[in-house]
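Okay, structure.cif now, which holds mmCIF, C-alpha atoms and all ligand atoms:
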data_model
loop_
_atom_site.label_atom_id
_atom_site.label_comp_id
_atom_site.auth_asym_id
_atom_site.auth_seq_id
_atom_site.Cartn_x
_atom_site.Cartn_y
_atom_site.Cartn_z
CA MET A 15 -4.78 -0.65 31.55
CA PRO A 16 -5.43 1.66 28.54
CA GLY A 17 -3.46 -0.42 25.94
CA TYR A 18 -2.99 0.47 22.26
CA ILE A 19 -5.14 2.56 19.93
CA VAL A 20 -4.67 2.14 16.19
CA ILE A 21 -6.25 4.90 14.07
CA GLY A 22 -7.34 3.79 10.59
CA GLY A 23 -8.94 0.57 9.37
CA GLY A 24 -6.95 0.01 6.17
CA ALA A 25 -4.40 -2.71 5.41
CA ILE A 26 -1.70 -0.94 7.47
CA GLY A 27 -3.90 -0.37 10.54
CA LEU A 28 -5.39 -3.88 10.43
CA ASN A 29 -1.96 -5.50 10.12
CA THR A 30 -0.73 -3.39 13.06
CA ALA A 31 -3.68 -4.44 15.21
CA TYR A 32 -3.16 -8.07 14.13
CA GLN A 33 0.53 -8.01 15.09
CA LEU A 34 -0.19 -6.28 18.41
CA ALA A 35 -2.94 -8.75 19.25
CA ARG A 36 -0.67 -11.68 18.45
CA ARG A 37 2.22 -10.47 20.61
CA GLN A 38 0.57 -8.48 23.43
CA SER A 39 -1.94 -9.24 26.11
CA ASP A 40 -2.80 -5.53 26.39
CA LYS A 41 -6.04 -4.27 24.92
CA VAL A 42 -5.93 -3.26 21.24
CA THR A 43 -8.60 -0.89 19.88
CA LEU A 44 -8.82 0.11 16.21
CA LEU A 45 -10.78 3.26 15.39
CA GLU A 46 -12.02 3.74 11.82
CA LYS A 47 -13.87 6.92 10.86
CA GLY A 48 -16.06 5.06 8.34
CA GLN A 49 -16.10 1.35 7.57
CA VAL A 50 -13.05 -0.93 7.56
CA GLY A 51 -11.52 -0.76 4.07
CA ASP A 52 -13.04 2.66 3.32
CA GLY A 53 -9.71 4.10 2.14
CA SER A 54 -7.24 3.00 -0.53
CA SER A 55 -6.78 -0.57 0.72
CA SER A 56 -10.00 -1.93 -0.74
CA ARG A 57 -9.28 -0.06 -4.00
CA ALA A 58 -5.70 -1.32 -4.46
CA GLY A 59 -4.28 -3.57 -7.15
CA GLY A 60 -2.76 -5.70 -4.39
CA ILE A 61 0.47 -6.42 -6.31
CA ILE A 62 3.60 -7.23 -4.30
CA THR A 63 7.26 -7.53 -5.25
CA GLY A 64 10.36 -7.53 -3.09
CA LEU A 65 12.52 -5.91 -5.79
CA LEU A 66 12.52 -2.31 -4.51
CA TRP A 67 15.21 0.38 -4.77
CA SER A 68 16.58 0.80 -1.22
CA GLU A 69 18.17 -1.56 1.29
CA THR A 70 15.52 -0.81 3.92
CA GLY A 71 12.77 -1.35 1.37
CA VAL A 72 14.10 -4.70 0.15
CA LEU A 73 14.73 -5.99 3.69
CA ALA A 74 11.23 -4.92 4.72
CA ARG A 75 9.61 -6.52 1.66
CA MET A 76 11.45 -9.79 2.28
CA ILE A 77 9.59 -9.91 5.60
CA SER A 78 6.31 -8.88 3.95
CA LEU A 79 6.61 -11.76 1.46
CA ARG A 80 7.18 -14.21 4.31
CA LEU A 81 4.30 -12.74 6.30
CA TYR A 82 1.97 -12.95 3.27
CA GLN A 83 2.64 -16.71 3.19
CA GLU A 84 1.89 -16.95 6.91
CA LEU A 85 -1.23 -14.79 6.58
CA SER A 86 -2.34 -16.98 3.70
CA ALA A 87 -2.38 -19.98 6.05
CA ASP A 88 -3.83 -18.09 9.02
CA LEU A 89 -6.60 -16.38 7.01
CA GLU A 90 -7.59 -19.30 4.77
CA PRO A 91 -10.60 -20.15 6.99
CA TYR A 92 -11.63 -16.49 6.55
CA GLY A 93 -11.59 -16.69 2.74
CA TYR A 94 -8.17 -15.25 1.85
CA ARG A 95 -5.18 -16.73 0.01
CA PHE A 96 -2.00 -15.03 -1.22
CA GLN A 97 -1.71 -15.54 -4.99
CA ASN A 98 1.96 -16.46 -5.39
CA VAL A 99 2.06 -16.15 -9.21
CA GLY A 100 5.36 -14.21 -9.14
CA CYS A 101 5.87 -10.57 -10.06
CA LEU A 102 7.48 -9.52 -13.34
CA ASN A 103 8.99 -6.03 -13.50
CA LEU A 104 9.38 -4.91 -17.13
CA PHE A 105 12.02 -2.48 -18.42
CA ASP A 106 12.84 -1.01 -21.80
CA PRO A 107 16.49 -0.49 -22.83
CA ALA A 108 16.35 3.12 -21.56
CA SER A 109 15.05 2.30 -18.06
CA TRP A 110 17.00 -0.95 -17.51
CA PRO A 111 20.47 0.49 -16.60
CA GLU A 112 19.06 2.26 -13.51
CA ARG A 113 17.54 -1.02 -12.29
CA GLU A 114 20.59 -3.06 -13.29
CA GLU A 115 22.59 -1.00 -10.80
CA LEU A 116 20.45 -2.45 -8.02
CA LEU A 117 21.28 -6.10 -8.80
CA PRO A 118 24.35 -6.12 -6.48
CA LEU A 119 22.05 -4.95 -3.65
CA TYR A 120 19.66 -7.85 -4.28
CA ASP A 121 22.64 -10.25 -4.42
CA ARG A 122 24.09 -8.92 -1.18
CA LEU A 123 20.75 -9.23 0.63
CA GLY A 124 20.18 -12.71 -0.78
CA PHE A 125 16.99 -11.78 -2.63
CA ALA A 126 16.57 -14.14 -5.58
CA TYR A 127 15.58 -12.81 -9.02
CA GLU A 128 15.74 -13.89 -12.66
CA ILE A 129 16.48 -11.75 -15.70
CA LEU A 130 14.43 -12.84 -18.72
CA ASP A 131 14.47 -11.77 -22.35
CA ALA A 132 11.28 -11.42 -24.41
CA ALA A 133 11.47 -14.95 -25.89
CA GLN A 134 11.88 -16.49 -22.43
CA MET A 135 8.93 -14.49 -21.11
CA ARG A 136 6.72 -15.58 -24.02
CA ARG A 137 7.65 -19.22 -23.48
CA ARG A 138 7.00 -19.11 -19.73
CA TRP A 139 3.67 -17.24 -19.92
CA PRO A 140 1.80 -18.11 -23.14
CA ASP A 141 -0.65 -15.19 -22.70
CA LEU A 142 2.20 -12.66 -22.64
CA THR A 143 3.65 -11.04 -25.80
CA PRO A 144 6.30 -8.49 -24.73
CA GLU A 145 8.17 -6.45 -27.36
CA ASP A 146 11.47 -7.99 -28.46
CA ASP A 147 13.72 -5.44 -26.72
CA LEU A 148 12.11 -5.64 -23.27
CA ILE A 149 13.87 -7.01 -20.19
CA GLY A 150 11.99 -8.81 -17.42
CA LEU A 151 13.14 -8.86 -13.80
CA HIS A 152 11.21 -11.69 -12.19
CA ASP A 153 10.56 -12.09 -8.48
CA ALA A 154 9.27 -15.64 -7.95
CA LEU A 155 8.14 -14.90 -4.38
CA GLY A 156 5.90 -12.02 -5.48
CA GLY A 157 2.30 -12.04 -6.61
CA TYR A 158 -0.87 -10.37 -5.47
CA SER A 159 -3.73 -10.36 -2.99
CA GLU A 160 -7.35 -9.64 -3.82
CA PRO A 161 -8.12 -6.63 -1.58
CA HIS A 162 -11.83 -7.52 -1.36
CA GLU A 163 -10.79 -10.85 0.17
CA PHE A 164 -7.81 -9.75 2.27
CA VAL A 165 -9.25 -6.71 4.08
CA PRO A 166 -12.45 -8.31 5.46
CA ALA A 167 -10.62 -11.57 6.28
CA LEU A 168 -7.98 -9.71 8.30
CA ALA A 169 -10.63 -7.63 10.09
CA ARG A 170 -12.51 -10.78 11.11
CA ARG A 171 -9.28 -12.45 12.26
CA CYS A 172 -8.39 -9.35 14.30
CA ARG A 173 -11.78 -9.45 16.01
CA ASP A 174 -11.30 -13.14 16.80
CA LEU A 175 -7.91 -12.30 18.31
CA GLY A 176 -9.63 -9.84 20.66
CA VAL A 177 -9.09 -6.53 18.81
CA GLU A 178 -11.97 -4.14 19.36
CA ILE A 179 -12.74 -2.59 15.97
CA ARG A 180 -14.92 0.48 16.23
CA GLU A 181 -16.34 1.79 12.95
CA ASN A 182 -17.85 5.28 12.46
CA ALA A 183 -15.36 6.43 15.10
CA ARG A 184 -13.47 9.43 13.77
CA VAL A 185 -10.46 10.62 15.75
CA SER A 186 -10.49 14.42 15.85
CA GLY A 187 -7.11 14.90 17.54
CA LEU A 188 -4.52 13.53 19.89
CA HIS A 189 -4.83 13.78 23.67
CA ILE A 190 -1.52 15.03 25.07
CA GLU A 191 -0.67 15.07 28.78
CA ASN A 192 2.66 16.20 30.22
CA GLY A 193 4.18 16.31 26.74
CA ARG A 194 3.20 12.71 25.92
CA VAL A 195 0.42 11.34 23.70
CA SER A 196 -1.86 9.51 26.10
CA GLY A 197 -4.97 8.98 24.01
CA VAL A 198 -7.18 10.33 21.25
CA GLN A 199 -10.10 12.72 21.04
CA THR A 200 -13.34 11.38 19.61
CA ALA A 201 -16.99 12.46 19.46
CA ILE A 202 -17.62 10.53 22.68
CA GLY A 203 -14.67 12.09 24.51
CA VAL A 204 -11.07 11.14 25.16
CA LEU A 205 -10.06 7.48 24.80
CA GLU A 206 -6.88 6.77 26.73
CA ALA A 207 -3.99 4.68 25.41
CA ASP A 208 -0.41 3.87 26.38
CA VAL A 209 0.58 4.23 22.74
CA VAL A 210 -1.35 5.56 19.71
CA ILE A 211 -0.50 4.33 16.21
CA SER A 212 -1.63 6.55 13.32
CA THR A 213 -2.23 4.76 10.01
CA VAL A 214 -4.51 7.28 8.30
CA HIS A 215 -2.75 7.29 4.90
CA ALA A 216 -3.83 10.26 2.76
CA TRP A 217 -5.30 11.98 5.83
CA THR A 218 -1.89 11.91 7.62
CA ALA A 219 -0.65 15.39 6.66
CA ALA A 220 -3.95 17.03 7.72
CA PHE A 221 -4.14 14.96 10.91
CA MET A 222 -0.55 15.65 11.97
CA ASP A 223 -0.96 19.34 11.12
CA LEU A 224 -3.62 19.48 13.87
CA CYS A 225 -0.90 18.39 16.31
CA GLY A 226 1.54 21.01 15.03
CA VAL A 227 3.64 18.54 12.99
CA ARG A 228 4.15 19.12 9.27
CA LEU A 229 5.06 16.10 7.18
CA PRO A 230 6.10 16.40 3.49
CA ILE A 231 3.55 13.97 2.06
CA LYS A 232 1.51 14.42 -1.11
CA SER A 233 -1.35 12.33 -2.48
CA PHE A 234 -2.35 11.55 -6.04
CA VAL A 235 -5.47 10.03 -7.57
CA HIS A 236 -4.91 6.49 -8.77
CA GLN A 237 -7.32 4.06 -10.41
CA ARG A 238 -7.58 0.43 -11.39
CA TYR A 239 -10.06 -1.66 -13.35
CA VAL A 240 -11.28 -5.26 -13.46
CA SER A 241 -12.37 -6.74 -16.79
CA SER A 242 -15.34 -8.82 -17.86
CA GLU A 243 -14.95 -12.60 -17.52
CA LEU A 244 -12.49 -14.68 -19.53
CA GLU A 245 -13.22 -18.25 -20.51
CA GLU A 246 -10.14 -19.62 -18.80
CA ARG A 247 -7.41 -18.69 -16.35
CA LEU A 248 -4.91 -16.21 -17.76
CA SER A 249 -1.31 -17.41 -17.87
CA ILE A 250 0.50 -14.28 -16.71
CA PRO A 251 2.16 -13.24 -13.44
CA ALA A 252 1.51 -9.90 -11.73
CA ILE A 253 3.31 -7.39 -13.98
CA ASN A 254 4.66 -3.93 -13.29
CA ALA A 255 4.55 -2.90 -16.94
CA ASN A 256 6.04 0.60 -16.94
CA PRO A 257 6.96 0.50 -20.67
CA TYR A 258 3.21 0.01 -21.29
CA GLY A 259 2.15 2.76 -18.84
CA GLY A 260 0.56 0.61 -16.15
CA TYR A 261 0.35 -2.72 -14.36
CA ILE A 262 -1.68 -5.85 -15.05
CA ARG A 263 -2.44 -9.14 -13.32
CA PRO A 264 -4.94 -12.01 -13.24
CA ALA A 265 -7.98 -11.23 -11.09
CA ARG A 266 -11.28 -12.53 -9.82
CA LEU A 267 -14.36 -10.91 -8.38
CA ARG A 268 -15.86 -14.21 -7.20
CA THR A 269 -14.10 -17.44 -6.27
CA THR A 270 -14.66 -19.14 -9.63
CA ASP A 271 -14.22 -16.45 -12.29
CA PHE A 272 -11.19 -15.44 -14.40
CA ARG A 273 -10.57 -11.78 -15.13
CA ILE A 274 -7.84 -9.18 -15.69
CA LEU A 275 -6.99 -6.27 -13.39
CA ALA A 276 -5.06 -3.27 -14.71
CA GLY A 277 -4.25 0.19 -13.41
CA GLY A 278 -2.18 3.27 -13.98
CA GLU A 279 -1.85 6.94 -13.27
CA THR A 280 -3.00 10.09 -15.03
CA GLU A 281 0.29 11.85 -15.76
CA ASP A 282 -0.92 15.43 -16.05
CA ARG A 283 -3.24 15.37 -13.02
CA GLU A 284 -2.30 17.60 -10.08
CA GLU A 285 -1.93 16.29 -6.55
CA GLU A 286 -5.07 15.90 -4.45
CA ARG A 287 -4.95 17.90 -1.21
CA VAL A 288 -6.77 16.25 1.68
CA ALA A 289 -7.35 19.14 4.08
CA ASP A 290 -10.51 17.91 5.79
CA LEU A 291 -10.49 14.92 8.19
CA GLY A 292 -13.98 14.08 6.92
CA PHE A 293 -12.75 13.56 3.31
CA HIS A 294 -13.95 10.30 1.73
CA MET A 295 -12.46 8.62 -1.34
CA SER A 296 -15.88 7.92 -2.85
CA GLY A 297 -15.84 11.60 -3.92
CA LEU A 298 -12.89 11.00 -6.29
CA ALA A 299 -13.37 10.46 -10.03
CA ALA A 300 -11.00 8.98 -12.60
CA THR A 301 -10.17 10.71 -15.85
CA ARG A 302 -12.61 9.09 -18.28
CA SER A 303 -10.09 8.57 -21.10
CA LEU A 304 -7.86 6.38 -18.92
CA ARG A 305 -10.06 3.31 -19.39
CA SER A 306 -9.55 3.13 -23.14
CA ARG A 307 -5.92 4.25 -22.86
CA LEU A 308 -5.12 1.36 -20.49
CA SER A 309 -6.76 -1.16 -22.85
CA GLU A 310 -4.92 0.23 -25.87
CA ASN A 311 -1.57 0.41 -24.07
CA LEU A 312 -1.70 -3.01 -22.40
CA SER A 313 -3.37 -5.14 -25.12
CA PRO A 314 -0.10 -5.52 -27.08
CA LEU A 315 1.37 -7.11 -23.93
CA VAL A 316 -1.68 -9.23 -23.03
CA PRO A 317 -3.69 -9.73 -26.26
CA LYS A 318 -6.61 -11.40 -24.46
CA LEU A 319 -7.34 -8.01 -22.86
CA ALA A 320 -8.55 -6.70 -26.23
CA ALA A 321 -11.61 -8.98 -26.16
CA THR A 322 -12.79 -7.76 -22.73
CA ARG A 323 -14.41 -4.60 -21.37
CA TRP A 324 -13.83 -2.98 -17.97
CA GLU A 325 -16.53 -4.04 -15.54
CA THR A 326 -15.43 -2.33 -12.33
CA GLU A 327 -13.50 0.84 -11.53
CA GLN A 328 -11.83 1.70 -8.21
CA VAL A 329 -10.47 5.19 -7.57
CA GLY A 330 -8.34 6.06 -4.55
CA LEU A 331 -5.19 7.89 -3.49
CA ILE A 332 -1.53 6.96 -3.34
CA SER A 333 0.81 9.03 -1.14
CA PHE A 334 4.48 9.92 -1.62
CA SER A 335 6.87 11.52 0.84
CA LEU A 336 9.44 14.08 -0.28
CA ASP A 337 12.12 11.43 -0.89
CA GLY A 338 9.70 8.72 -2.03
CA GLU A 339 10.35 6.39 0.91
CA PRO A 340 7.69 5.49 3.50
CA VAL A 341 7.23 7.44 6.72
CA LEU A 342 7.34 4.95 9.58
CA GLY A 343 8.43 5.58 13.16
CA THR A 344 8.24 7.95 16.08
CA LEU A 345 8.58 11.72 16.38
CA PRO A 346 10.75 13.20 19.17
CA GLN A 347 8.19 15.96 19.85
CA LEU A 348 5.29 13.49 20.25
CA PRO A 349 6.34 10.53 22.43
CA GLY A 350 3.58 7.96 22.72
CA LEU A 351 2.75 8.21 18.99
CA VAL A 352 3.94 5.97 16.15
CA VAL A 353 3.17 6.95 12.54
CA GLY A 354 2.95 4.81 9.38
CA ALA A 355 2.19 6.56 6.06
CA ALA A 356 3.37 7.45 2.52
CA PHE A 357 3.88 3.90 1.25
CA HIS A 358 3.81 5.17 -2.37
CA SER A 359 1.93 2.79 -4.69
CA GLY A 360 3.10 -0.11 -2.53
CA GLY A 361 1.20 0.23 0.74
CA PHE A 362 -0.70 -2.99 0.22
CA ALA A 363 2.56 -4.83 -0.37
CA TYR A 364 4.18 -3.18 2.63
CA SER A 365 1.22 -3.71 4.95
CA PRO A 366 2.25 -6.98 6.70
CA VAL A 367 5.77 -5.76 7.51
CA ALA A 368 4.59 -2.21 8.23
CA GLY A 369 2.13 -3.69 10.74
CA LEU A 370 4.93 -5.72 12.30
CA LEU A 371 7.33 -2.76 12.54
CA LEU A 372 4.66 -0.40 13.90
CA ALA A 373 3.68 -3.00 16.52
CA GLU A 374 7.31 -3.53 17.50
CA LEU A 375 7.92 0.22 17.86
CA ALA A 376 4.67 0.68 19.79
CA ALA A 377 5.62 -2.12 22.19
CA GLY A 378 9.09 -0.62 22.70
CA ASP A 379 10.85 -3.58 21.03
CA ALA A 380 13.72 -3.37 18.54
CA PRO A 381 12.23 -3.31 15.04
CA SER A 382 12.93 -6.32 12.77
CA VAL A 383 14.44 -3.91 10.22
CA ASP A 384 16.45 -0.75 10.96
CA VAL A 385 13.90 1.87 9.90
CA ALA A 386 16.09 4.98 10.27
CA ALA A 387 15.67 5.63 6.51
CA PHE A 388 11.88 5.76 7.03
CA SER A 389 11.95 8.01 10.12
CA PRO A 390 9.28 10.75 10.16
CA ALA A 391 11.95 12.99 11.73
CA ARG A 392 14.29 12.79 8.69
CA PHE A 393 12.90 15.87 6.91
CA SER A 394 14.09 19.38 7.76
CA PRO A 395 11.37 21.99 8.46
CA GLU A 396 12.70 24.10 5.55
CA ASP A 397 12.51 21.23 3.04
CA THR A 398 9.07 20.29 4.33
CA ASP A 399 7.69 23.81 4.01
CA ALA A 400 9.18 24.24 0.53
CA TYR A 401 7.74 20.91 -0.64
CA LEU A 402 4.29 21.61 0.76
CA ALA A 403 4.27 25.08 -0.84
CA THR A 404 4.58 23.55 -4.33
CA THR A 405 1.87 21.88 -6.40
CA VAL A 406 3.08 18.69 -8.04
CA VAL A 407 1.59 16.84 -11.04
CA GLN A 408 1.74 13.06 -11.10
CA ALA A 409 4.40 12.90 -13.80
CA ASP A 410 6.75 14.87 -11.53
CA ALA A 411 6.17 12.77 -8.41
CA LEU A 412 8.66 9.96 -7.85
CA ARG A 413 7.20 7.11 -9.91
CA ARG A 414 7.74 4.00 -7.87
CA ARG A 415 5.52 1.06 -8.51
CA HIS A 416 4.39 -1.36 -5.83
C1 LIG B 501 -6.09 2.28 -7.48
C2 LIG B 501 -4.97 1.90 -6.52
C3 LIG B 501 -4.16 0.80 -6.82
C4 LIG B 501 -3.15 0.43 -5.93
N1 LIG B 501 -2.44 -0.69 -6.21
C5 LIG B 501 -1.53 -1.13 -5.31
C6 LIG B 501 -0.84 -2.34 -5.55
O1 LIG B 501 -1.03 -3.02 -6.56
N2 LIG B 501 0.07 -2.75 -4.60
C7 LIG B 501 0.29 -2.03 -3.47
O2 LIG B 501 1.13 -2.46 -2.67
N3 LIG B 501 -0.35 -0.89 -3.22
C8 LIG B 501 -1.26 -0.41 -4.11
N4 LIG B 501 -1.92 0.76 -3.87
C9 LIG B 501 -1.56 1.57 -2.68
C10 LIG B 501 -2.28 1.04 -1.46
O3 LIG B 501 -3.65 0.91 -1.72
C11 LIG B 501 -2.08 1.97 -0.27
O4 LIG B 501 -0.73 2.35 -0.14
C12 LIG B 501 -2.53 1.26 1.01
O5 LIG B 501 -3.84 0.76 0.85
C13 LIG B 501 -2.48 2.21 2.19
O6 LIG B 501 -3.04 1.53 3.29
P1 LIG B 501 -3.48 2.33 4.57
O7 LIG B 501 -4.04 1.37 5.54
O8 LIG B 501 -2.36 3.20 5.00
O9 LIG B 501 -4.58 3.35 4.02
P2 LIG B 501 -6.17 3.24 3.85
O10 LIG B 501 -6.59 1.94 3.33
O11 LIG B 501 -6.57 4.46 3.08
O12 LIG B 501 -6.68 3.33 5.33
C14 LIG B 501 -6.65 4.51 6.09
C15 LIG B 501 -7.95 4.54 6.88
O13 LIG B 501 -7.89 5.57 7.85
C16 LIG B 501 -9.21 6.04 8.05
N5 LIG B 501 -9.12 7.35 8.70
C17 LIG B 501 -8.64 8.50 8.16
N6 LIG B 501 -8.70 9.50 9.07
C18 LIG B 501 -9.22 8.97 10.19
C19 LIG B 501 -9.53 9.51 11.48
N7 LIG B 501 -9.29 10.80 11.77
N8 LIG B 501 -10.08 8.69 12.41
C20 LIG B 501 -10.30 7.37 12.13
N9 LIG B 501 -10.04 6.81 10.92
C21 LIG B 501 -9.49 7.60 9.97
C22 LIG B 501 -9.78 6.08 6.64
O14 LIG B 501 -11.19 6.08 6.62
C23 LIG B 501 -9.18 4.82 6.02
O15 LIG B 501 -10.06 3.72 6.08
C24 LIG B 501 -2.93 1.18 -4.74
C25 LIG B 501 -3.73 2.29 -4.46
C26 LIG B 501 -4.74 2.65 -5.33
C27 LIG B 501 -5.60 3.84 -4.99
#
Can you dump the structure from the file as structure tokens?
Amino acid sequence: MPGYIVIGGGAIGLNTAYQLARRQSDKVTLLEKGQVGDGSSSRAGGIITGLLWSETGVLARMISLRLYQELSADLEPYGYRFQNVGCLNLFDPASWPEREELLPLYDRLGFAYEILDAAQMRRRWPDLTPEDDLIGLHDALGGYSEPHEFVPALARRCRDLGVEIRENARVSGLHIENGRVSGVQTAIGVLEADVVISTVHAWTAAFMDLCGVRLPIKSFVHQRYVSSELEERLSIPAINANPYGGYIRPARLRTTDFRILAGGETEDREEERVADLGFHMSGLAATRSLRSRLSENLSPLVPKLAATRWETEQVGLISFSLDGEPVLGTLPQLPGLVVGAAFHSGGFAYSPVAGLLLAELAAGDAPSVDVAAFSPARFSPEDTDAYLATTVVQADALRRRH
């Protein structure tokens, strides 16, 4: 029995393998071209909120938040815990009306939130000093995961559940028989599968192009930093701080230290085209000036940041589809293949529910959320070609955080 092949050992691929292994007796093999965590997942900020901008997104994130709690219990012996410190989304008076329009959606779906003014935020989190006119939209179920804890813990759990994880195993193409994907091509020949699940993130457009499928996905360099040690735990939630040009949260590099993580984009930087399947993110470099810009921009919000220096830098890619929503589902021209990609700057947050939905689709079950809005088949060939023919700078890509 060939079973399932998952391509890509990031948070999405590992969660897919985990969900398949938990629900199926069939063999699950995960193929990673380098080492598990080689892509964006180990470089992420790990922030999660359920307060997104579309019905499908909010419904999916509600499941992700529940699954993060379950993963926290299941992976505790492996050294991972979900940090449920809440997620605060900040808005200035200009950006608030657009978000305010989404409150009826959150109400209808039963997703709880709180609206806080600056004084309330300062009282609740003593290390936070937002400007007087800012509005906070707080998601008490949100928080963050430390990627360097989550990714290896999930990989070990997958192995214990019987998933075969093969590293240094690059997939060079799909194996198609009688019009159906029936395996993958690798350096050691064809590996057969009943269903193949592609979770190769920034490599997706190049990989699918090999199979004659064009997807309107673009990738952008993104970077985040962890500070030197603080003397005590920082009293802030995870914060999507758009008015300050970034995001910031408590962090740790070891189990007993207290630090700050912050990240943001470089507005005038052009998209990064990944044309070669052998591309590796270690070849990316951040714009040098961003380090000091992040400190200057975010210190008024979290004054303790001013007394620290950045100790680590992680540079990776985030991917956006033409309409900014994820690409998750099947393609009519390639039965036997399920694709998960383009999770904007929120792929880490999406990963538990994306893994669940990809596993459900691969197994032929009804997905827990109607994912028609995420279908890879939703883009017309004309729109796709026109989008891929342009070169986009980060400031012009849909800016959707976590
Ligand atoms: C600096 C930064 C900060 C971020 N912060 C956040 C955040 O706070 N919250 C959030 O939700 N998201 C965040 N993100 C986004 C998030 O990291 C990504 O959306 C997510 O990690 C994507 O997961 P993935 O498994 O699809 O991709 P990846 O982790 O990139 O995994 C894809 C894997 O596929 C492998 N692969 C590629 N081609 C092949 C092949 N042909 N054969 C075999 N293997 C192959 C790659 O080596 C890679 O390991 C951030 C990203 C960056 C870069």
Show me, as a CSV table (one decimal) with C-alpha atoms, in the frame of the given file, the residues that have an atom within 10 Å of Ala167 (chain A) when counting all atoms listed in the file, minus same-chain residues fewer than 2 positions from it.
chain,number,residue,atom,x,y,z
A,85,LEU,CA,-1.2,-14.8,6.6
A,88,ASP,CA,-3.8,-18.1,9.0
A,89,LEU,CA,-6.6,-16.4,7.0
A,90,GLU,CA,-7.6,-19.3,4.8
A,91,PRO,CA,-10.6,-20.2,7.0
A,92,TYR,CA,-11.6,-16.5,6.6
A,93,GLY,CA,-11.6,-16.7,2.7
A,94,TYR,CA,-8.2,-15.2,1.8
A,95,ARG,CA,-5.2,-16.7,0.0
A,161,PRO,CA,-8.1,-6.6,-1.6
A,162,HIS,CA,-11.8,-7.5,-1.4
A,163,GLU,CA,-10.8,-10.8,0.2
A,164,PHE,CA,-7.8,-9.8,2.3
A,165,VAL,CA,-9.2,-6.7,4.1
A,169,ALA,CA,-10.6,-7.6,10.1
A,170,ARG,CA,-12.5,-10.8,11.1
A,171,ARG,CA,-9.3,-12.4,12.3
A,172,CYS,CA,-8.4,-9.4,14.3
Practice item. Write out as a PyMOL selection string each polymer residue whose atoms come within 8 Å of Gly51 (chain A), counting only C-alpha atoms; drop sequence neighbours fewer than 2 positions from it. Key: chain A and resi 23-25+49+53-56+165-166
Review point. Using all atoms listed in the file, which of A:Ile61, A:Ala276, A:Leu351, A:Val383 sits nearest ligand LIG 501 (chain B)?
Key: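 Ranked by minimum distance to ligand LIG 501 (chain B), first place goes to A:Ile61.
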Return as a Markdown table the residues of region 169-278 of chain A lying at most 12 Å from region 99-112 of chain A, together with the closest atom-to-atom pair for each and the distance in Å to one decimal, counting all atoms listed in the file, with rows in chain order and ascending residue number.
| residue | atom | partner | partner_atom | distance |
| --- | --- | --- | --- | --- |
| A:Leu248 | CA | A:Val99 | CA | 11.0 |
| A:Ser249 | CA | A:Val99 | CA | 9.4 |
| A:Ile250 | CA | A:Val99 | CA | 7.9 |
| A:Pro251 | CA | A:Val99 | CA | 5.1 |
| A:Ala252 | CA | A:Cys101 | CA | 4.7 |
| A:Ile253 | CA | A:Leu102 | CA | 4.7 |
| A:Asn254 | CA | A:Asn103 | CA | 4.8 |
| A:Ala255 | CA | A:Leu104 | CA | 5.2 |
| A:Asn256 | CA | A:Leu104 | CA | 6.4 |
| A:Pro257 | CA | A:Asp106 | CA | 6.2 |
| A:Tyr258 | CA | A:Leu104 | CA | 8.9 |
| A:Gly259 | CA | A:Leu104 | CA | 10.7 |
| A:Gly260 | CA | A:Leu104 | CA | 10.5 |
| A:Tyr261 | CA | A:Asn103 | CA | 9.3 |
| A:Ile262 | CA | A:Leu102 | CA | 10.0 |
| A:Arg263 | CA | A:Cys101 | CA | 9.0 |
| A:Pro264 | CA | A:Val99 | CA | 9.1 |
| A:Ala265 | CA | A:Val99 | CA | 11.3 |
Point to revise | Near-ligand residues for ligand LIG 501 (chain B), threshold 7 Å, only C-alpha atoms and all ligand atoms, as a count of residues only | key: 58
Revision key, fill the gap. Correct to one decimal, the distance CA of Leu372 (chain A)-CA of Glu69 (chain A) is 18.5 Å
Practice item. Give me, please, the distance in Å between CA of Arg137 (chain A) and CA of Leu275 (chain A), quoted to one decimal. Key: 22.0 Å
Exercise for review: Would you list the contacts of Ile231 (chain A) as a list in words, taking every protein, DNA or RNA residue within 10 Å and counting all atoms listed in the file, but skipping same-chain residues closer than 6 positions in sequence?
Suggested key: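 Near neighbours after the sequence-gap exclusion: His215, Ala216, Trp217, Thr218, Ala219, Ala220, Arg287, Ser333, Phe334, Ser335, Leu336, Asp337, Gly338, Pro340, Val341, Ala355, Ala356, His358, Thr398, Tyr401 and Leu402 of chain A.
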Check your understanding: Counting all atoms listed in the file, which of A:Ser296, A:Ser233, A:Gln33, A:Asn311 gets nearest to Ala411 (chain A)?
Key ->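 Smallest separation from Ala411 (chain A) among the options: A:Ser233.
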Exercise for review: Please indicate the distance in Å from CA of Ser306 (chain A) to CA of Arg415 (chain A), rounded to one decimal place.
Suggested key: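 Going from CA of Ser306 (chain A) over to CA of Arg415 (chain A) covers 21.1 Å.
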Review point. Nearest to Glu181 (chain A) among A:Leu34, A:Ser86, A:Thr43, A:Pro314, with distances taken over all atoms listed in the file: which residue is it?
Key: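 Distance minimum relative to Glu181 (chain A) lands on A:Thr43.
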Point to revise | Protein, DNA and RNA residues within 10 Å of (1.9, 21.0, -7.4), all atoms listed in the file, as a PyMOL selection string | key: chain A and resi 232+283-287+401-408+410-411
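The nearest approach to Asn182 (chain A) among the residues A:Ala31, A:Leu44, A:Ser159, A:Asp290, with all atoms listed in the file taken into account, belongs to A:Leu44.
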Review point. A:Val177, A:Ala201, A:Cys225, A:Val20: which is nearest Gln347 (chain A), counting only C-alpha atoms?
Key: A:Cys225
